[in-house]
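Peer 1: Below you'll find protein.cif; it's mmCIF, C-alpha atoms.
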data_input
loop_
_atom_site.group_PDB
_atom_site.id
_atom_site.type_symbol
_atom_site.label_atom_id
_atom_site.label_comp_id
_atom_site.auth_asym_id
_atom_site.auth_seq_id
_atom_site.Cartn_x
_atom_site.Cartn_y
_atom_site.Cartn_z
ATOM 1 C CA MET A 1 -6.989 -51.292 9.745
ATOM 2 C CA LYS A 2 -3.516 -51.308 11.332
ATOM 3 C CA LYS A 3 -3.420 -50.561 15.034
ATOM 4 C CA VAL A 4 -1.044 -47.810 16.123
ATOM 5 C CA SER A 5 0.844 -48.388 19.350
ATOM 6 C CA ARG A 6 1.060 -45.761 22.044
ATOM 7 C CA ARG A 7 4.788 -45.429 21.366
ATOM 8 C CA GLU A 8 4.228 -44.924 17.649
ATOM 9 C CA LEU A 9 1.511 -42.384 18.357
ATOM 10 C CA LEU A 10 3.708 -40.491 20.814
ATOM 11 C CA THR A 11 6.700 -40.570 18.450
ATOM 12 C CA GLY A 12 4.531 -39.371 15.586
ATOM 13 C CA SER A 13 3.030 -36.578 17.690
ATOM 14 C CA LEU A 14 6.438 -35.379 18.800
ATOM 15 C CA ALA A 15 7.688 -35.431 15.230
ATOM 16 C CA LEU A 16 4.632 -33.506 14.057
ATOM 17 C CA THR A 17 5.028 -30.983 16.890
ATOM 18 C CA ALA A 18 8.722 -30.547 16.158
ATOM 19 C CA GLY A 19 7.997 -30.169 12.457
ATOM 20 C CA THR A 20 5.317 -27.593 13.127
ATOM 21 C CA LEU A 21 7.592 -25.615 15.424
ATOM 22 C CA LEU A 22 10.385 -25.743 12.870
ATOM 23 C CA THR A 23 8.047 -24.631 10.085
ATOM 24 C CA ASP A 24 6.688 -21.810 12.240
ATOM 25 C CA SER A 25 10.229 -20.758 13.099
ATOM 26 C CA ILE A 26 11.280 -20.713 9.455
ATOM 27 C CA SER A 27 8.137 -18.813 8.469
ATOM 28 C CA ALA A 28 8.618 -16.255 11.224
ATOM 29 C CA GLU A 29 12.247 -15.780 10.229
ATOM 30 C CA GLY A 30 11.225 -15.401 6.605
ATOM 31 C CA ILE A 31 8.630 -12.772 7.501
ATOM 32 C CA LYS A 32 11.145 -10.947 9.678
ATOM 33 C CA LYS A 33 13.663 -10.816 6.838
ATOM 34 C CA GLU A 34 11.038 -9.657 4.369
ATOM 35 C CA GLU A 35 10.054 -6.796 6.638
ATOM 36 C CA GLU A 36 13.604 -5.512 7.082
ATOM 37 C CA SER A 37 14.782 -2.784 4.741
ATOM 38 C CA TRP A 38 17.662 -3.639 2.454
ATOM 39 C CA LYS A 39 21.089 -2.258 3.309
ATOM 40 C CA TYR A 40 21.812 0.650 0.985
ATOM 41 C CA VAL A 41 25.091 1.307 -0.763
ATOM 42 C CA PRO A 42 25.732 4.400 -2.901
ATOM 43 C CA LEU A 43 24.829 3.830 -6.540
ATOM 44 C CA ASP A 44 25.875 5.485 -9.772
ATOM 45 C CA ALA A 45 22.701 7.155 -11.050
ATOM 46 C CA ARG A 46 23.977 7.150 -14.621
ATOM 47 C CA LYS A 47 24.691 3.404 -14.554
ATOM 48 C CA VAL A 48 21.299 2.674 -13.009
ATOM 49 C CA ALA A 49 19.601 4.766 -15.692
ATOM 50 C CA GLN A 50 21.389 2.929 -18.485
ATOM 51 C CA ARG A 51 20.523 -0.436 -16.907
ATOM 52 C CA ALA A 52 16.850 0.564 -16.675
ATOM 53 C CA TYR A 53 16.928 1.704 -20.300
ATOM 54 C CA ASP A 54 18.416 -1.637 -21.333
ATOM 55 C CA GLU A 55 15.993 -3.719 -19.220
ATOM 56 C CA TYR A 56 12.885 -1.912 -20.467
ATOM 57 C CA GLY A 57 12.451 -4.325 -23.388
ATOM 58 C CA THR A 58 8.823 -5.181 -24.099
ATOM 59 C CA SER A 59 7.849 -5.228 -20.413
ATOM 60 C CA GLY A 60 7.608 -1.493 -19.876
ATOM 61 C CA CYS A 61 8.424 1.326 -17.517
ATOM 62 C CA LEU A 62 7.705 -0.069 -14.057
ATOM 63 C CA TYR A 63 9.515 -3.300 -14.910
ATOM 64 C CA GLY A 64 12.465 -1.484 -16.448
ATOM 65 C CA SER A 65 12.924 1.077 -13.694
ATOM 66 C CA PHE A 66 12.703 -1.384 -10.805
ATOM 67 C CA LYS A 67 14.641 -4.244 -12.375
ATOM 68 C CA GLY A 68 17.392 -2.015 -13.697
ATOM 69 C CA ALA A 69 17.900 -0.407 -10.300
ATOM 70 C CA VAL A 70 17.795 -3.680 -8.367
ATOM 71 C CA LEU A 71 20.301 -5.380 -10.659
ATOM 72 C CA GLU A 72 22.704 -2.454 -10.322
ATOM 73 C CA TYR A 73 22.227 -2.605 -6.553
ATOM 74 C CA ALA A 74 23.022 -6.326 -6.615
ATOM 75 C CA ASP A 75 26.265 -5.649 -8.483
ATOM 76 C CA ALA A 76 27.190 -2.864 -6.073
ATOM 77 C CA ILE A 77 26.655 -4.892 -2.901
ATOM 78 C CA GLU A 78 28.104 -8.173 -4.218
ATOM 79 C CA SER A 79 31.522 -7.860 -2.559
ATOM 80 C CA ALA A 80 30.087 -6.819 0.808
ATOM 81 C CA ASP A 81 27.083 -9.152 0.923
ATOM 82 C CA ALA A 82 26.925 -11.908 -1.680
ATOM 83 C CA ALA A 83 23.772 -13.382 -0.129
ATOM 84 C CA MET A 84 21.958 -10.054 -0.447
ATOM 85 C CA ALA A 85 23.097 -9.756 -4.049
ATOM 86 C CA ARG A 86 21.700 -13.211 -4.842
ATOM 87 C CA SER A 87 18.443 -12.365 -3.099
ATOM 88 C CA ALA A 88 18.071 -9.140 -5.070
ATOM 89 C CA ARG A 89 18.731 -10.855 -8.393
ATOM 90 C CA SER A 90 16.139 -13.534 -7.623
ATOM 91 C CA PHE A 91 13.360 -10.956 -7.209
ATOM 92 C CA PRO A 92 10.253 -11.952 -9.256
ATOM 93 C CA PHE A 93 10.502 -9.009 -11.651
ATOM 94 C CA ILE A 94 7.883 -10.527 -13.923
ATOM 95 C CA ALA A 95 5.253 -9.231 -11.481
ATOM 96 C CA PHE A 96 5.995 -5.682 -12.623
ATOM 97 C CA ARG A 97 5.072 -6.110 -16.268
ATOM 98 C CA CYS A 98 1.588 -4.958 -15.251
ATOM 99 C CA GLY A 99 2.912 -1.416 -14.769
ATOM 100 C CA ARG A 100 3.112 -0.724 -18.470
ATOM 101 C CA GLY A 101 0.782 1.972 -19.800
ATOM 102 C CA GLY A 102 -0.126 3.410 -16.415
ATOM 103 C CA PHE A 103 -0.848 -0.050 -14.951
ATOM 104 C CA ALA A 104 -2.145 -2.458 -17.570
ATOM 105 C CA ARG A 105 -2.878 0.453 -19.911
ATOM 106 C CA LEU A 106 -5.241 2.173 -17.490
ATOM 107 C CA LYS A 107 -3.203 5.344 -18.116
ATOM 108 C CA GLN A 108 -2.980 6.072 -14.398
ATOM 109 C CA LEU A 109 0.194 6.596 -12.297
ATOM 110 C CA CYS A 110 3.318 6.503 -14.458
ATOM 111 C CA GLY A 111 4.985 3.106 -14.109
ATOM 112 C CA ALA A 112 8.460 4.633 -14.065
ATOM 113 C CA VAL A 113 7.488 6.744 -11.057
ATOM 114 C CA ALA A 114 5.849 3.772 -9.346
ATOM 115 C CA GLY A 115 8.900 1.581 -9.933
ATOM 116 C CA ALA A 116 11.239 4.261 -8.615
ATOM 117 C CA VAL A 117 9.176 4.699 -5.441
ATOM 118 C CA MET A 118 9.095 0.927 -4.942
ATOM 119 C CA PHE A 119 12.872 0.850 -5.243
ATOM 120 C CA MET A 120 13.292 3.630 -2.672
ATOM 121 C CA ASN A 121 10.874 1.799 -0.395
ATOM 122 C CA CYS A 122 13.263 -1.172 -0.263
ATOM 123 C CA PHE A 123 15.772 0.983 1.625
ATOM 124 C CA VAL A 124 13.818 3.634 3.545
ATOM 125 C CA SER A 125 12.032 2.168 6.565
ATOM 126 C CA ASP A 126 10.648 5.455 7.923
ATOM 127 C CA PHE A 127 7.417 6.084 6.008
ATOM 128 C CA LYS A 128 7.566 9.840 6.620
ATOM 129 C CA ASP A 129 11.022 9.913 5.083
ATOM 130 C CA LEU A 130 9.806 7.815 2.175
ATOM 131 C CA THR A 131 6.881 10.135 1.483
ATOM 132 C CA ALA A 132 9.215 13.134 1.620
ATOM 133 C CA LEU A 133 11.464 11.496 -0.972
ATOM 134 C CA THR A 134 8.434 10.537 -3.040
ATOM 135 C CA ASP A 135 7.237 14.137 -2.980
ATOM 136 C CA LYS A 136 10.597 15.310 -4.313
ATOM 137 C CA LEU A 137 10.549 12.655 -7.012
ATOM 138 C CA GLY A 138 6.989 13.537 -7.955
ATOM 139 C CA LYS A 139 7.804 17.225 -8.327
ATOM 140 C CA TYR A 140 10.816 16.402 -10.458
ATOM 141 C CA ALA A 141 8.802 14.073 -12.693
ATOM 142 C CA ALA A 142 5.940 16.527 -13.138
ATOM 143 C CA GLU A 143 7.872 19.775 -13.527
ATOM 144 C CA THR A 144 11.071 18.794 -15.346
ATOM 145 C CA GLU A 145 11.336 18.673 -19.113
ATOM 146 C CA LEU A 146 11.713 14.957 -19.754
ATOM 147 C CA PRO A 147 13.376 12.764 -20.823
ATOM 148 C CA GLN A 148 16.735 13.999 -19.541
ATOM 149 C CA PHE A 149 18.559 10.699 -20.007
ATOM 150 C CA ILE A 150 20.752 10.168 -23.066
ATOM 151 C CA PRO A 151 21.727 6.542 -23.743
ATOM 152 C CA GLN A 152 25.295 5.473 -24.457
ATOM 153 C CA ASP A 153 24.384 4.651 -28.038
ATOM 154 C CA ASP A 154 22.388 7.765 -28.870
ATOM 155 C CA LYS A 155 20.622 7.197 -32.170
ATOM 156 C CA HIS A 156 18.260 10.145 -31.660
ATOM 157 C CA PRO A 157 20.255 13.293 -30.802
ATOM 158 C CA ASN A 158 18.436 16.443 -29.658
ATOM 159 C CA PHE A 159 15.559 14.324 -28.358
ATOM 160 C CA LEU A 160 12.363 16.226 -27.558
ATOM 161 C CA LYS A 161 11.907 17.116 -23.874
ATOM 162 C CA VAL A 162 8.546 18.177 -22.407
ATOM 163 C CA ALA A 163 7.274 19.053 -18.910
ATOM 164 C CA ALA A 164 4.007 17.197 -18.283
ATOM 165 C CA HIS A 165 2.729 18.958 -15.132
ATOM 166 C CA GLY A 166 1.175 15.677 -14.092
ATOM 167 C CA LEU A 167 2.130 12.170 -12.989
ATOM 168 C CA THR A 168 -0.210 9.873 -14.872
ATOM 169 C CA CYS A 169 0.814 7.967 -17.959
ATOM 170 C CA LYS A 170 -1.878 9.821 -19.884
ATOM 171 C CA GLU A 171 -0.593 13.237 -18.802
ATOM 172 C CA MET A 172 3.100 12.517 -19.238
ATOM 173 C CA GLY A 173 2.900 10.618 -22.480
ATOM 174 C CA GLY A 174 0.145 12.881 -23.765
ATOM 175 C CA ALA A 175 2.146 16.058 -23.179
ATOM 176 C CA TRP A 176 5.079 14.666 -25.131
ATOM 177 C CA MET A 177 2.883 13.450 -27.994
ATOM 178 C CA LYS A 178 1.154 16.826 -28.204
ATOM 179 C CA ALA A 179 4.473 18.613 -28.610
ATOM 180 C CA ALA A 180 6.021 16.037 -30.962
ATOM 181 C CA THR A 181 6.180 16.302 -34.713
ATOM 182 C CA ALA A 182 4.839 13.513 -36.916
ATOM 183 C CA GLU A 183 8.399 12.237 -37.335
ATOM 184 C CA GLN A 184 9.126 12.347 -33.591
ATOM 185 C CA LYS A 185 5.943 10.417 -32.819
ATOM 186 C CA LYS A 186 7.373 7.451 -34.708
ATOM 187 C CA VAL A 187 9.871 6.931 -31.883
ATOM 188 C CA VAL A 188 7.489 7.347 -28.932
ATOM 189 C CA GLY A 189 8.774 4.012 -27.608
ATOM 190 C CA GLU A 190 12.233 5.522 -27.325
ATOM 191 C CA ARG A 191 10.692 8.376 -25.362
ATOM 192 C CA CYS A 192 9.253 5.895 -22.843
ATOM 193 C CA LYS A 193 12.612 4.148 -22.384
ATOM 194 C CA ARG A 194 14.459 7.430 -21.852
ATOM 195 C CA HIS A 195 11.692 8.677 -19.573
ATOM 196 C CA THR A 196 12.002 5.545 -17.414
ATOM 197 C CA ALA A 197 15.762 5.948 -17.178
ATOM 198 C CA SER A 198 15.418 9.626 -16.244
ATOM 199 C CA ILE A 199 12.999 8.925 -13.383
ATOM 200 C CA ILE A 200 14.965 6.094 -11.781
ATOM 201 C CA ALA A 201 18.182 8.126 -12.046
ATOM 202 C CA LYS A 202 16.552 10.886 -10.002
ATOM 203 C CA ALA A 203 15.351 8.359 -7.420
ATOM 204 C CA VAL A 204 18.920 7.082 -6.997
ATOM 205 C CA GLU A 205 20.222 10.642 -6.613
ATOM 206 C CA LEU A 206 17.646 11.207 -3.864
ATOM 207 C CA LEU A 207 18.632 7.981 -2.085
ATOM 208 C CA ASN A 208 22.306 8.872 -2.288
ATOM 209 C CA GLU A 209 21.582 12.295 -0.762
ATOM 210 C CA TYR A 210 19.342 10.779 1.919
ATOM 211 C CA TYR A 211 21.973 8.311 3.114
ATOM 212 C CA ALA A 212 24.801 10.856 2.839
ATOM 213 C CA LYS A 213 22.939 13.051 5.345
ATOM 214 C CA LYS A 214 22.410 10.093 7.678
ATOM 215 C CA ALA A 215 26.088 9.116 7.640
#
Would it be possible to restate this file's structure as structure tokens?
Peer 2:
Amino acid sequence: MKKVSRRELLTGSLALTAGTLLTDSISAEGIKKEEESWKYVPLDARKVAQRAYDEYGTSGCLYGSFKGAVLEYADAIESADAAMARSARSFPFIAFRCGRGGFARLKQLCGAVAGAVMFMNCFVSDFKDLTALTDKLGKYAAETELPQFIPQDDKHPNFLKVAAHGLTCKEMGGAWMKAATAEQKKVVGERCKRHTASIIAKAVELLNEYYAKKA
């Protein structure tokens, strides 16, 4: 076994201590940055809705609503803060595929609503303010005849709109299916995409109003 000199031991200890301090510093800085709310810039609700509609794909409502909004935010803040734009685009969106079907098909809280609240949470640090915005979003989602959104390439004009009077996937999707004709039920997937776009558009409108009042 090789003997370690006192100098080598001291040098190694100092290096280890320095490395530990540096690692701790980086970790603390990373935690600090993660806990800070993102800087908001006004967004075009219509563009966000279309982006969410386009991003929906096979991953569902929570994924579509959050990713669509974040990517539009990244585009909007690019010129002012390129680093923030890169950070937003690198978000692990794959984690939100679980939101489909009321969270992994449990038929509970609507994924579009959950994704919209998560997006608002990125910018609103005051929890009381966030819950107030969430309450407004919840009332809109439950009481409004949805979906309100009409995509740029509208292949289904005069799309059926229904008020669910509830916020779960089962209630919202079920209310629409109950009112739909046999022919309309064939495009229930289109309903989910438009529903997602409608919810995130409202969330953006609420954020725009919130920050306009704080200006």
Peer 1: Counting all atoms listed in the file, figure out which residue out of A:Lys185, A:Lys170, A:Lys136, A:Arg86 gets nearest to Arg100 of chain A.
Peer 2: A:Lys170
Peer 1: Between atom CA of Gly99 of chain A and atom CA of Ala142 of chain A, what is the distance in Å, rounded to a tenth?
Peer 2: 18.3 Å
Peer 1: Return as number ranges by chain the set of residues that the PyMOL selection byres ((chain A and resi 125) around 6) yields on the displayed structure.
Peer 2: A: 37, 124, 126
Peer 1: Can you translate the PyMOL selection byres ((chain A and resi 63-68) around 8) into the concrete residues it hits in this file, as number ranges by chain?
Peer 2: A: 48-57, 59-62, 69-72, 93-94, 96-97, 99-100, 111-112, 115-116, 118-119, 196-197, 199-200
Peer 1: Please write as a PyMOL selection string the full residue list that the PyMOL selection byres ((chain A and resi 159) around 9) yields on this file.
Peer 2: chain A and resi 147-148+150+156-158+160-161+184+191
Peer 1: Give the answer as one residue: which of A:Val117, A:Met177, A:Ile77, A:Cys98 has the shortest atom-to-atom distance to Leu206 of chain A, using all atoms listed in the file?
Peer 2: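 Looking only at the distances to Leu206 of chain A, the closest residue turns out to be A:Val117.
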Peer 1: Mind pulling up the distance from atom CA of Ala74 of chain A to atom CA of Arg89 of chain A?
Peer 2: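 About the pair atom CA of Arg89 of chain A and atom CA of Ala74 of chain A: they are 6.5 Å apart.
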Peer 1: What is the atom CA of Pro92 of chain A to atom CA of Tyr73 of chain A distance in Å?
Peer 2: 15.4 Å
Peer 1: Name the residues in contact with segment 212-214 of chain A at a cut-off of 9 Å, using only C-alpha atoms, excluding same-chain residues fewer than 4 positions from it; report them as a list of chain:residue names.
Peer 2: A:Pro42, A:Leu207, A:Asn208
Peer 1: So, with only C-alpha atoms as the atoms that count, which of A:Ser79, A:Thr58, A:Thr181, A:Thr168 lies closest to Gly138 of chain A?
Peer 2: A:Thr168
Peer 1: With all atoms listed in the file as the counted atoms, please give the residues lying no more than 8 Å from Glu143 of chain A, apart from itself and same-chain residues fewer than 5 positions off, as a ChimeraX atom specification.
Peer 2: /A:163-166
Peer 1: Taking all atoms listed in the file into account, which of A:Phe91, A:Trp38, A:Phe103, A:Phe123 comes nearest Val204 of chain A?
Peer 2: A:Phe123
Peer 1: Which residues are close to Glu205 of chain A, i.e. within 10 Å by only C-alpha atoms, leaving aside same-chain residues fewer than 6 positions away? Reply as a ChimeraX atom specification.
Peer 2: /A:42-46,137
Peer 1: As AutoDock Vina command-line options, please report the centre and edge lengths, rounded to one decimal in Å, of the axis-aligned box that holds all listed atoms of segment 96-111 of chain A with 5 Å of padding on each of the six sides.
Peer 2:
--center_x 0.4 --center_y 0.2 --center_z -16.1 --size_x 21.2 --size_y 22.7 --size_z 17.6
Peer 1: Which protein, DNA or RNA residues have an atom at most 7 Å from (1.1, 9.2, -14.4), counting only C-alpha atoms? List them as a VMD selection string.
Peer 2: chain A and resid 102 107 to 110 166 to 172
Peer 1: I need the residue nearest Lys178 of chain A from this list: A:Gly101, A:Val162, A:Ala201, A:Cys122. Use all atoms listed in the file for the distance.
Peer 2: A:Val162
